[in-house]
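File shown: structure-v6.txt. Contents: compact mmCIF, C-alpha atoms.
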```txt
# COMPACT_ATOMS: atom_id res chain seq x y z
CA MET A 16 0.00 0.00 0.00
CA CYS A 17 1.39 3.41 -0.84
CA CYS A 18 1.64 6.47 1.35
CA CYS A 19 -0.88 8.39 -0.78
CA SER A 20 -3.61 5.86 -0.28
CA SER A 21 -3.26 6.09 3.51
CA ILE A 22 -3.56 9.88 3.34
CA LEU A 23 -6.59 9.63 1.07
CA SER A 24 -8.17 7.13 3.40
CA GLY A 25 -7.87 9.56 6.27
CA GLY A 26 -5.47 7.37 8.16
CA THR A 27 -1.98 8.14 9.31
CA ARG A 28 1.04 7.31 7.37
CA GLY A 29 1.89 3.67 7.72
CA GLY A 30 -1.47 2.94 9.37
CA ASN A 31 -3.42 -0.31 9.14
CA THR A 32 -5.98 0.97 6.68
CA SER A 33 -6.88 -1.07 3.69
CA GLY A 34 -7.20 0.06 0.07
CA ARG A 35 -10.98 -0.23 0.29
CA GLU A 36 -11.14 2.39 2.94
CA GLY A 37 -9.24 4.81 0.69
CA ILE A 38 -11.62 4.24 -2.17
CA ARG A 39 -14.53 4.67 0.22
CA PHE A 40 -13.01 7.91 1.45
CA TYR A 41 -12.67 9.17 -2.13
CA LYS A 42 -16.31 8.33 -2.76
CA GLN A 43 -17.33 10.20 0.38
CA MET A 44 -15.48 13.38 -0.67
CA THR A 45 -17.54 16.26 -1.87
CA ILE A 46 -17.63 17.20 -5.51
CA THR A 47 -15.72 20.42 -4.78
CA THR A 48 -12.88 18.49 -3.22
CA LYS A 49 -12.81 16.09 -6.15
CA ILE A 50 -12.76 19.03 -8.56
CA TYR A 51 -9.87 20.60 -6.66
CA ILE A 52 -7.95 17.35 -6.75
CA ASP A 53 -8.65 16.90 -10.45
CA LEU A 54 -7.72 20.54 -11.16
CA GLY A 55 -4.47 20.09 -9.22
CA ALA A 56 -3.64 16.96 -11.24
CA ALA A 57 -4.52 18.80 -14.47
CA ALA A 58 -2.40 21.78 -13.39
CA ILE A 59 0.56 19.50 -12.66
CA PHE A 60 0.05 17.82 -16.04
CA ALA A 61 -0.23 21.23 -17.79
CA ILE A 62 2.89 22.48 -16.03
CA GLY A 63 4.70 19.34 -17.22
CA ILE A 64 3.52 19.85 -20.79
CA PHE A 65 4.41 23.57 -20.68
CA SER A 66 7.84 22.86 -19.22
CA GLY A 67 8.49 20.22 -21.85
CA SER A 68 7.37 22.58 -24.58
CA VAL A 69 9.59 25.38 -23.28
CA TRP A 70 12.54 23.01 -23.01
CA TRP A 71 11.86 21.61 -26.49
CA ASN A 72 11.60 25.13 -27.98
CA HIS A 73 14.83 26.09 -26.23
CA LYS A 74 16.55 23.08 -27.78
CA ILE A 75 15.14 23.90 -31.23
CA VAL A 76 16.30 27.54 -30.98
CA LYS A 77 19.71 26.36 -29.84
CA LEU A 78 19.98 23.98 -32.80
CA GLU A 79 18.72 26.67 -35.22
CA ASN A 80 21.42 29.02 -33.91
CA ALA A 81 24.04 26.32 -34.38
CA VAL A 82 22.83 25.76 -37.97
CA SER A 83 22.93 29.51 -38.62
CA GLU A 84 26.47 29.80 -37.24
CA THR A 85 27.54 26.83 -39.33
CA LYS A 86 26.03 28.38 -42.46
CA GLN A 87 27.91 31.61 -41.74
CA LYS A 88 31.15 29.71 -41.29
CA VAL A 89 30.55 27.83 -44.55
CA ALA A 90 29.84 31.09 -46.39
CA MET A 91 33.02 32.62 -44.95
CA SER A 92 35.00 29.54 -45.95
CA GLU A 93 33.56 29.70 -49.47
CA ARG A 94 34.52 33.37 -49.79
CA LEU A 95 38.00 32.58 -48.50
CA ALA A 96 38.31 29.66 -50.93
CA ALA A 97 37.20 31.84 -53.87
CA SER A 98 39.71 34.50 -52.86
CA SER A 99 42.47 31.90 -52.55
CA GLU A 100 41.59 30.44 -55.95
CA GLN A 101 41.73 33.90 -57.51
CA LYS A 102 45.14 34.57 -55.95
CA ALA A 103 46.35 31.15 -57.12
CA ALA A 104 45.22 31.96 -60.68
CA GLU A 105 47.04 35.30 -60.51
CA TYR A 106 50.22 33.59 -59.28
CA LYS A 107 49.90 30.99 -62.01
CA GLN A 108 49.71 33.74 -64.64
CA LYS A 109 52.74 35.46 -63.11
CA ILE A 110 54.66 32.19 -63.12
CA GLU A 111 53.79 31.57 -66.78
CA TYR A 112 54.87 35.13 -67.66
CA LEU A 113 58.17 34.75 -65.79
CA GLU A 114 58.81 31.36 -67.40
CA ARG A 115 58.31 32.94 -70.86
CA GLN A 116 60.70 35.75 -69.85
CA ILE A 117 63.29 33.21 -68.70
CA SER A 118 62.92 31.29 -71.96
CA ASP A 119 63.37 34.48 -73.99
CA ILE A 120 66.42 35.47 -71.94
CA GLN A 121 67.92 32.00 -72.39
CA THR A 122 67.40 32.24 -76.15
CA ILE A 123 69.09 35.65 -76.22
CA ALA A 124 71.94 34.31 -74.06
CA ARG A 125 72.48 31.37 -76.46
CA LYS A 126 72.59 33.75 -79.43
CA GLN A 127 75.05 36.00 -77.61
CA ASP A 128 77.21 32.98 -76.75
CA GLU A 129 77.26 32.03 -80.44
CA GLU A 130 78.22 35.59 -81.41
CA LEU A 131 80.99 35.62 -78.78
CA GLU A 132 82.28 32.31 -80.11
CA LYS A 133 82.37 33.75 -83.64
CA LEU A 134 84.10 36.90 -82.37
CA ASN A 135 86.66 34.77 -80.52
CA ILE A 136 87.34 32.87 -83.71
CA TYR A 137 87.71 36.12 -85.73
CA SER A 138 89.88 37.79 -83.08
CA GLY A 139 92.08 34.69 -82.90
CA ARG A 140 92.62 34.81 -86.66
CA ALA A 141 93.35 38.53 -86.49
CA ARG A 142 95.92 37.96 -83.71
CA ARG A 143 97.63 35.26 -85.74
CA ASP A 144 97.66 37.53 -88.79
CA VAL A 145 99.10 40.41 -86.74
CA ALA A 146 101.70 38.12 -85.24
CA GLY A 147 102.61 36.82 -88.69
CA ALA A 148 102.79 40.35 -90.08
CA SER A 149 105.00 41.51 -87.23
CA ARG A 150 107.46 38.70 -87.91
CA THR A 151 107.92 39.71 -91.50
CA ARG A 152 110.51 42.26 -92.39
CA SER A 153 109.14 45.59 -93.14
CA ILE A 154 109.97 46.99 -96.51
CA ALA A 155 109.02 50.35 -97.63
CA THR A 156 105.79 49.81 -99.43
CA THR A 157 103.08 52.02 -100.63
CA GLU A 158 99.64 52.18 -99.23
CA ASN A 159 98.19 50.32 -102.22
CA GLU A 160 100.63 47.45 -101.80
CA LEU A 161 99.83 47.22 -98.11
CA CYS A 162 96.09 47.14 -98.79
CA ALA A 163 96.58 44.41 -101.37
CA LYS A 164 98.53 42.25 -98.87
CA LEU A 165 95.88 42.80 -96.20
CA ALA A 166 93.19 41.85 -98.72
CA GLU A 167 95.05 38.57 -99.34
CA LEU A 168 94.86 37.87 -95.60
CA GLY A 169 91.13 38.66 -95.54
CA HIS A 170 91.36 42.11 -94.00
CA GLY A 171 91.02 44.59 -96.85
CA CYS A 172 91.43 48.34 -96.45
CA LYS A 173 88.38 50.41 -96.02
CA GLU A 174 88.11 53.43 -98.19
```

Is it possible to give me this structure as structure tokens?
Amino acid sequence: MCCCSSILSGGTRGGNTSGREGIRFYKQMTITTKIYIDLGAAAIFAIGIFSGSVWWNHKIVKLENAVSETKQKVAMSERLAASSEQKAAEYKQKIEYLERQISDIQTIARKQDEELEKLNIYSGRARRDVAGASRTRSIATTENELCAKLAELGHGCKE
């Protein structure tokens, strides 16, 4: 037997009253008392429903806020990703431009190396010709004779 049934039966807590006496007591109560008891039970039930509803709404609002924050973070990440992609494209264009510049400079450097090689060859020949000419005995010659000899060596006079 529970403690509530002994109170309803009019007995003391832990008394020797039976369940039938409690039911009899409930039947003997006035309608006003029964209404108050029923209203109290309904109020407790309503308070439980209201509390559950408030708690549930609180949870829903909390989850909606979390979703909103997550959407904001996603939007920020998307903007950051778009910005990073744009910067990457700009860097890629710069890299391509610099690679073309390097290629052009390398081509120019190769051509200059070839020209230097040719000039080294020509200057070497000219040195040998000068050395050969300095070993020969100088004879009084005219300008025309000298130009003719230089023309034979491949270095004609310029007029």

| said: Residues near region 160-169 of chain A, anyone? I mean within 10 Å using only C-alpha atoms, not counting same-chain ones fewer than 5 positions away, as an NGL selection string. | reply: :A and (140-141 or 144 or 148 or 155)

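Distance-wise, CA of Val69 (chain A) and CA of Thr85 (chain A) end up 24.1 Å apart.
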
| request: Grab the CA of Ile38 (chain A) to CA of Ala56 (chain A) distance for me, in Å with one decimal place. | output: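 Separation between CA of Ile38 (chain A) and CA of Ala56 (chain A): 17.5 Å.
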